[in-house]
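Asks: One structure, pasted below without further comment.
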Amino acid sequence: MARAATSKKSDTAIVLLEAAKKILRQNGYAGLSTRGVAEAAGVPLSQIHYHFGSKQEMVLALFEYLNAQLLDRQNALFGDTSLKLSEQWDRACDYLDEDIASGYVRVLQELIAVSWHDAEVAKVIRAGLMGWVNLIAGLAREAEKKIGPLGPFTADEIGAFAASLFIGGESLFLLGLEKKGSPIRASLRRVGDLIRVAESSSPQR
């Protein structure tokens, strides 16, 4: 059965996706099995085959399910005109902390790794991540109107740069570098301080 739109998923499908998220977070992609997900969800294995068809389709549905929720959250954040750009960045850093705690970051990084050798997974992950990149690039274009040129960067380069900062930071966090003394999340928050400097020194347009 082909993956259905997230909004149309049944209660059983959602229960299965939540169980898959929990196992993927705890055991990684290699430790994820359709049988294990079915057992954790308390439903027959046949339900996974009915709703998703395979392990691959299940994890792709999981990514789309989670990514749609978080992209809606980011759209709401960056569409909030009452917040300055620096405040939006601060909130994005808060969201990163939440996403680490919820397991989304682990799910994303596991699927990025799978993408290196699975073309179907790579196609879905690329599309999902480009949604984030394009969102940030659009925000950068709006910032140019308010605070002027963004240094040597184009809006598209800002989108690529921000995505690299967060996704790279997530990867290093999961590797345990923060526990070894590398201030990964603190460094990301410092970018907000740079934005505040730009906001205070640039005339509003």
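Residue names in the structure tokens use chain letters A, B, ... in the order shown, residue numbers from 1 in each chain, and ligand numbers from 1 in the order shown.
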Do a neighbour search on Leu172 in chain A at 12 Å with only C-alpha atoms, toss out local chain neighbours closer than 3 positions, and write the hits as a PyMOL selection string.

Replies: chain A and resi 105-106+109+164-169+175-185

Asks: Set the distance at 10 Å and use only C-alpha atoms: which residues neighbour range 120-135 of chain A once local chain neighbours fewer than 3 positions away are removed? I'd like the list as a PyMOL selection string.

Replies: chain A and resi 56-57+59-61+63-64+67-68+70-71+74-75+78+108+111-117+138-140+155-164+167

Asks: Find the residues near range 28-43 of chain A: any atom within 7 Å, counting only C-alpha atoms, skip ones fewer than 4 places away on the same chain, and give them as number ranges by chain.

Replies: A: 15-16, 19-20, 23-24, 47-48, 55, 110

Asks: Could the residues in this selection be saved with C-alpha atoms as a compact mmCIF listing (two decimals), in the first residue's frame?

Replies:
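Generated file (result23.txt):
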# COMPACT_ATOMS: atom_id res chain seq x y z
CA VAL A 15 0.43 4.28 16.60
CA LEU A 16 2.79 2.31 14.38
CA ALA A 19 6.37 2.96 17.90
CA ALA A 20 8.84 3.10 14.99
CA ILE A 23 12.63 2.03 18.40
CA LEU A 24 14.62 4.03 15.86
CA GLN A 47 -1.04 -4.01 9.88
CA ILE A 48 2.41 -2.75 8.94
CA LYS A 55 10.25 -1.35 6.48
CA GLU A 110 19.61 7.86 10.98

Asks: Taking the DSSP secondary structure from the backbone, can you list the residues of range 69-168 of chain A that are helix (DSSP H, G or I), as a CSV table (one decimal) with N, CA, C and O atoms, in the first residue's frame?

Replies:
chain,number,residue,atom,x,y,z
A,69,GLN,N,5.0,18.0,10.6
A,69,GLN,CA,4.7,18.7,11.9
A,69,GLN,C,5.7,19.8,12.2
A,69,GLN,O,5.3,20.9,12.6
A,70,LEU,N,7.0,19.5,12.0
A,70,LEU,CA,8.0,20.5,12.4
A,70,LEU,C,8.1,21.6,11.4
A,70,LEU,O,8.4,22.7,11.8
A,71,LEU,N,7.8,21.3,10.1
A,71,LEU,CA,7.9,22.4,9.1
A,71,LEU,C,6.7,23.3,9.3
A,71,LEU,O,6.9,24.6,9.2
A,72,ASP,N,5.6,22.8,9.7
A,72,ASP,CA,4.4,23.7,10.1
A,72,ASP,C,4.8,24.6,11.3
A,72,ASP,O,4.5,25.8,11.3
A,73,ARG,N,5.5,24.0,12.2
A,73,ARG,CA,6.0,24.8,13.4
A,73,ARG,C,6.9,25.9,13.0
A,73,ARG,O,6.8,27.0,13.4
A,74,GLN,N,7.9,25.6,12.1
A,74,GLN,CA,8.8,26.6,11.7
A,74,GLN,C,8.1,27.7,10.8
A,74,GLN,O,8.5,28.9,10.9
A,75,ASN,N,7.2,27.3,10.0
A,75,ASN,CA,6.5,28.3,9.2
A,75,ASN,C,5.7,29.3,10.1
A,75,ASN,O,5.7,30.5,9.8
A,76,ALA,N,5.1,28.7,11.2
A,76,ALA,CA,4.4,29.6,12.1
A,76,ALA,C,5.4,30.5,12.8
A,76,ALA,O,5.1,31.7,13.0
A,77,LEU,N,6.6,30.0,13.2
A,77,LEU,CA,7.6,30.8,13.9
A,77,LEU,C,8.0,31.9,13.0
A,77,LEU,O,8.0,33.1,13.4
A,78,PHE,N,8.5,31.6,11.8
A,78,PHE,CA,9.1,32.6,10.9
A,78,PHE,C,8.0,33.5,10.2
A,78,PHE,O,8.3,34.5,9.6
A,85,LEU,N,14.1,39.0,13.8
A,85,LEU,CA,14.8,37.9,13.3
A,85,LEU,C,15.7,37.2,14.3
A,85,LEU,O,15.8,35.9,14.4
A,86,SER,N,16.3,38.0,15.2
A,86,SER,CA,17.2,37.4,16.2
A,86,SER,C,16.3,36.6,17.2
A,86,SER,O,16.8,35.5,17.7
A,87,GLU,N,15.1,37.0,17.5
A,87,GLU,CA,14.2,36.3,18.4
A,87,GLU,C,13.8,35.0,17.7
A,87,GLU,O,13.6,34.0,18.4
A,88,GLN,N,13.6,35.0,16.4
A,88,GLN,CA,13.2,33.8,15.7
A,88,GLN,C,14.3,32.8,15.7
A,88,GLN,O,14.1,31.6,15.9
A,89,TRP,N,15.6,33.3,15.6
A,89,TRP,CA,16.7,32.4,15.7
A,89,TRP,C,16.8,31.8,17.1
A,89,TRP,O,17.0,30.6,17.2
A,90,ASP,N,16.6,32.6,18.1
A,90,ASP,CA,16.6,32.0,19.5
A,90,ASP,C,15.6,30.9,19.6
A,90,ASP,O,15.9,29.9,20.2
A,91,ARG,N,14.4,31.2,19.1
A,91,ARG,CA,13.3,30.2,19.2
A,91,ARG,C,13.7,28.9,18.4
A,91,ARG,O,13.4,27.8,18.9
A,92,ALA,N,14.3,29.1,17.3
A,92,ALA,CA,14.8,27.9,16.5
A,92,ALA,C,15.8,27.1,17.3
A,92,ALA,O,15.7,25.8,17.3
A,93,CYS,N,16.6,27.7,18.1
A,93,CYS,CA,17.6,27.0,18.9
A,93,CYS,C,16.8,26.3,20.1
A,93,CYS,O,17.2,25.2,20.4
A,94,ASP,N,15.8,26.9,20.6
A,94,ASP,CA,14.9,26.2,21.6
A,94,ASP,C,14.3,25.0,21.0
A,94,ASP,O,14.2,23.9,21.6
A,95,TYR,N,13.9,25.1,19.7
A,95,TYR,CA,13.2,24.0,19.0
A,95,TYR,C,14.2,22.8,18.8
A,95,TYR,O,13.9,21.6,18.9
A,96,LEU,N,15.5,23.2,18.6
A,96,LEU,CA,16.5,22.1,18.4
A,96,LEU,C,16.6,21.3,19.7
A,96,LEU,O,16.7,20.1,19.7
A,97,ASP,N,16.6,22.0,20.9
A,97,ASP,CA,16.7,21.3,22.1
A,97,ASP,C,15.5,20.3,22.3
A,97,ASP,O,15.6,19.2,22.7
A,98,GLU,N,14.3,20.8,21.9
A,98,GLU,CA,13.1,20.0,21.9
A,98,GLU,C,13.2,18.8,21.0
A,98,GLU,O,12.8,17.7,21.4
A,99,ASP,N,13.7,19.0,19.8
A,99,ASP,CA,13.8,18.0,18.8
A,99,ASP,C,14.8,16.9,19.2
A,99,ASP,O,14.7,15.7,18.8
A,100,ILE,N,15.8,17.3,19.9
A,100,ILE,CA,16.8,16.3,20.4
A,100,ILE,C,16.1,15.4,21.5
A,100,ILE,O,16.2,14.2,21.5
A,101,ALA,N,15.3,16.1,22.4
A,101,ALA,CA,14.6,15.4,23.4
A,101,ALA,C,13.5,14.5,22.9
A,101,ALA,O,13.3,13.4,23.4
A,102,SER,N,12.8,14.9,21.8
A,102,SER,CA,11.7,14.1,21.3
A,102,SER,C,12.2,12.9,20.5
A,102,SER,O,11.4,12.0,20.2
A,104,TYR,N,13.4,13.3,17.3
A,104,TYR,CA,13.3,13.7,15.9
A,104,TYR,C,14.7,13.8,15.3
A,104,TYR,O,15.0,13.3,14.2
A,105,VAL,N,15.6,14.4,16.0
A,105,VAL,CA,17.0,14.5,15.5
A,105,VAL,C,17.7,13.2,15.2
A,105,VAL,O,18.3,13.0,14.2
A,106,ARG,N,17.5,12.2,16.2
A,106,ARG,CA,18.0,10.9,15.9
A,106,ARG,C,17.4,10.2,14.7
A,106,ARG,O,18.1,9.6,13.9
A,107,VAL,N,16.1,10.4,14.6
A,107,VAL,CA,15.4,9.8,13.4
A,107,VAL,C,16.0,10.4,12.1
A,107,VAL,O,16.3,9.7,11.2
A,108,LEU,N,16.1,11.7,12.1
A,108,LEU,CA,16.6,12.4,10.9
A,108,LEU,C,18.0,12.0,10.5
A,108,LEU,O,18.3,11.6,9.4
A,109,GLN,N,18.9,12.0,11.5
A,109,GLN,CA,20.3,11.6,11.2
A,109,GLN,C,20.4,10.1,10.8
A,109,GLN,O,21.2,9.8,10.0
A,110,GLU,N,19.6,9.3,11.4
A,110,GLU,CA,19.6,7.9,11.0
A,110,GLU,C,19.2,7.7,9.5
A,110,GLU,O,19.8,7.0,8.7
A,111,LEU,N,18.2,8.5,9.1
A,111,LEU,CA,17.7,8.4,7.7
A,111,LEU,C,18.6,9.1,6.8
A,111,LEU,O,18.7,8.7,5.6
A,112,ILE,N,19.3,10.1,7.2
A,112,ILE,CA,20.3,10.7,6.3
A,112,ILE,C,21.4,9.7,6.0
A,112,ILE,O,21.9,9.5,4.9
A,113,ALA,N,21.8,8.9,7.0
A,113,ALA,CA,22.8,7.9,6.8
A,113,ALA,C,22.3,6.8,5.9
A,113,ALA,O,23.1,6.4,5.0
A,114,VAL,N,21.1,6.4,6.0
A,114,VAL,CA,20.5,5.4,5.1
A,114,VAL,C,20.5,5.9,3.7
A,114,VAL,O,20.7,5.2,2.7
A,115,SER,N,20.3,7.3,3.6
A,115,SER,CA,20.2,7.9,2.2
A,115,SER,C,21.4,7.7,1.4
A,115,SER,O,21.4,7.8,0.2
A,119,ALA,N,18.6,5.0,-2.7
A,119,ALA,CA,18.2,6.1,-3.5
A,119,ALA,C,16.7,6.6,-3.2
A,119,ALA,O,16.4,7.8,-3.3
A,120,GLU,N,15.9,5.6,-2.8
A,120,GLU,CA,14.5,6.0,-2.5
A,120,GLU,C,14.4,6.8,-1.3
A,120,GLU,O,13.6,7.8,-1.2
A,121,VAL,N,15.1,6.4,-0.3
A,121,VAL,CA,15.2,7.2,1.0
A,121,VAL,C,15.8,8.5,0.7
A,121,VAL,O,15.3,9.6,1.2
A,122,ALA,N,16.9,8.6,0.0
A,122,ALA,CA,17.5,9.8,-0.3
A,122,ALA,C,16.6,10.8,-1.0
A,122,ALA,O,16.6,12.0,-0.7
A,123,LYS,N,15.8,10.3,-1.9
A,123,LYS,CA,14.8,11.2,-2.6
A,123,LYS,C,13.9,11.9,-1.7
A,123,LYS,O,13.6,13.1,-1.8
A,124,VAL,N,13.3,11.1,-0.7
A,124,VAL,CA,12.4,11.7,0.3
A,124,VAL,C,13.1,12.7,1.2
A,124,VAL,O,12.6,13.7,1.5
A,125,ILE,N,14.3,12.3,1.7
A,125,ILE,CA,15.0,13.1,2.7
A,125,ILE,C,15.4,14.4,2.0
A,125,ILE,O,15.3,15.5,2.6
A,126,ARG,N,15.9,14.3,0.8
A,126,ARG,CA,16.3,15.6,0.1
A,126,ARG,C,15.1,16.5,0.0
A,126,ARG,O,15.2,17.7,0.2
A,127,ALA,N,13.9,16.0,-0.4
A,127,ALA,CA,12.8,16.9,-0.6
A,127,ALA,C,12.4,17.5,0.7
A,127,ALA,O,12.0,18.7,0.8
A,128,GLY,N,12.4,16.7,1.8
A,128,GLY,CA,12.1,17.2,3.1
A,128,GLY,C,13.0,18.3,3.6
A,128,GLY,O,12.6,19.3,4.1
A,129,LEU,N,14.3,18.1,3.4
A,129,LEU,CA,15.3,19.0,3.9
A,129,LEU,C,15.3,20.3,3.0
A,129,LEU,O,15.5,21.4,3.6
A,130,MET,N,15.0,20.2,1.7
A,130,MET,CA,14.9,21.4,0.9
A,130,MET,C,13.7,22.3,1.3
A,130,MET,O,13.8,23.5,1.1
A,131,GLY,N,12.7,21.7,1.9
A,131,GLY,CA,11.6,22.5,2.5
A,131,GLY,C,12.1,23.4,3.6
A,131,GLY,O,11.8,24.6,3.6
A,132,TRP,N,13.0,22.9,4.4
A,132,TRP,CA,13.7,23.7,5.5
A,132,TRP,C,14.6,24.8,4.8
A,132,TRP,O,14.6,25.9,5.2
A,133,VAL,N,15.4,24.4,3.9
A,133,VAL,CA,16.4,25.3,3.3
A,133,VAL,C,15.6,26.4,2.6
A,133,VAL,O,16.0,27.6,2.7
A,134,ASN,N,14.6,26.1,1.8
A,134,ASN,CA,13.8,27.1,1.1
A,134,ASN,C,13.1,28.1,2.1
A,134,ASN,O,13.0,29.3,1.8
A,135,LEU,N,12.7,27.5,3.2
A,135,LEU,CA,12.1,28.4,4.2
A,135,LEU,C,13.0,29.4,4.8
A,135,LEU,O,12.7,30.6,4.9
A,136,ILE,N,14.3,29.0,5.1
A,136,ILE,CA,15.3,29.9,5.6
A,136,ILE,C,15.7,30.9,4.5
A,136,ILE,O,15.9,32.1,4.8
A,137,ALA,N,15.8,30.4,3.3
A,137,ALA,CA,16.2,31.4,2.2
A,137,ALA,C,15.2,32.4,2.1
A,137,ALA,O,15.5,33.6,1.9
A,138,GLY,N,13.9,32.1,2.2
A,138,GLY,CA,12.8,33.1,2.1
A,138,GLY,C,12.9,34.0,3.2
A,138,GLY,O,12.7,35.3,3.0
A,139,LEU,N,13.2,33.5,4.4
A,139,LEU,CA,13.4,34.4,5.6
A,139,LEU,C,14.5,35.4,5.4
A,139,LEU,O,14.4,36.6,5.7
A,140,ALA,N,15.6,34.9,4.8
A,140,ALA,CA,16.8,35.8,4.5
A,140,ALA,C,16.4,36.9,3.5
A,140,ALA,O,16.9,38.0,3.7
A,141,ARG,N,15.6,36.6,2.5
A,141,ARG,CA,15.2,37.6,1.6
A,141,ARG,C,14.3,38.7,2.3
A,141,ARG,O,14.5,39.9,2.0
A,142,GLU,N,13.5,38.3,3.2
A,142,GLU,CA,12.7,39.3,4.0
A,142,GLU,C,13.7,40.1,4.9
A,142,GLU,O,13.5,41.3,5.1
A,143,ALA,N,14.7,39.4,5.5
A,143,ALA,CA,15.6,40.1,6.3
A,143,ALA,C,16.4,41.2,5.5
A,143,ALA,O,16.7,42.3,6.1
A,144,GLU,N,16.7,40.9,4.3
A,144,GLU,CA,17.5,41.9,3.5
A,144,GLU,C,16.6,43.2,3.3
A,144,GLU,O,17.2,44.3,3.3
A,145,LYS,N,15.3,43.0,3.2
A,145,LYS,CA,14.5,44.2,3.1
A,145,LYS,C,14.5,45.0,4.3
A,145,LYS,O,14.3,46.3,4.3
A,146,LYS,N,14.7,44.4,5.5
A,146,LYS,CA,14.6,45.1,6.8
A,146,LYS,C,15.9,45.7,7.2
A,146,LYS,O,16.0,46.8,7.8
A,147,ILE,N,17.0,44.9,7.1
A,147,ILE,CA,18.3,45.3,7.7
A,147,ILE,C,19.4,45.5,6.6
A,147,ILE,O,20.6,45.7,7.0
A,155,ALA,N,20.7,35.2,-0.3
A,155,ALA,CA,19.7,34.5,0.5
A,155,ALA,C,19.7,33.0,0.4
A,155,ALA,O,19.6,32.3,1.4
A,156,ASP,N,20.0,32.5,-0.8
A,156,ASP,CA,20.1,31.1,-1.0
A,156,ASP,C,21.3,30.5,-0.2
A,156,ASP,O,21.3,29.4,0.3
A,157,GLU,N,22.4,31.3,-0.2
A,157,GLU,CA,23.6,30.8,0.6
A,157,GLU,C,23.3,30.8,2.1
A,157,GLU,O,23.8,29.9,2.8
A,158,ILE,N,22.5,31.8,2.5
A,158,ILE,CA,22.1,31.8,3.9
A,158,ILE,C,21.3,30.5,4.3
A,158,ILE,O,21.5,29.9,5.3
A,159,GLY,N,20.4,30.2,3.4
A,159,GLY,CA,19.6,29.0,3.6
A,159,GLY,C,20.5,27.7,3.7
A,159,GLY,O,20.3,26.9,4.6
A,160,ALA,N,21.5,27.6,2.8
A,160,ALA,CA,22.4,26.5,2.8
A,160,ALA,C,23.2,26.5,4.1
A,160,ALA,O,23.5,25.5,4.7
A,161,PHE,N,23.7,27.7,4.5
A,161,PHE,CA,24.6,27.8,5.6
A,161,PHE,C,23.8,27.5,6.9
A,161,PHE,O,24.3,26.7,7.7
A,162,ALA,N,22.6,28.0,7.1
A,162,ALA,CA,21.8,27.7,8.3
A,162,ALA,C,21.5,26.2,8.4
A,162,ALA,O,21.6,25.6,9.4
A,163,ALA,N,21.2,25.6,7.2
A,163,ALA,CA,20.9,24.1,7.2
A,163,ALA,C,22.1,23.4,7.6
A,163,ALA,O,22.0,22.4,8.4
A,164,SER,N,23.3,23.8,7.1
A,164,SER,CA,24.5,23.1,7.5
A,164,SER,C,24.8,23.2,8.9
A,164,SER,O,25.3,22.3,9.6
A,165,LEU,N,24.6,24.4,9.5
A,165,LEU,CA,24.9,24.7,10.9
A,165,LEU,C,24.0,23.7,11.8
A,165,LEU,O,24.6,23.1,12.7
A,166,PHE,N,22.7,23.7,11.5
A,166,PHE,CA,21.9,22.9,12.4
A,166,PHE,C,22.0,21.4,12.1
A,166,PHE,O,22.2,20.6,13.1
A,167,ILE,N,22.1,20.9,10.9
A,167,ILE,CA,22.2,19.5,10.6
A,167,ILE,C,23.5,19.0,11.0
A,167,ILE,O,23.7,17.9,11.6
A,168,GLY,N,24.6,19.8,10.7
A,168,GLY,CA,25.9,19.4,11.2
A,168,GLY,C,26.0,19.4,12.7
A,168,GLY,O,26.6,18.5,13.3
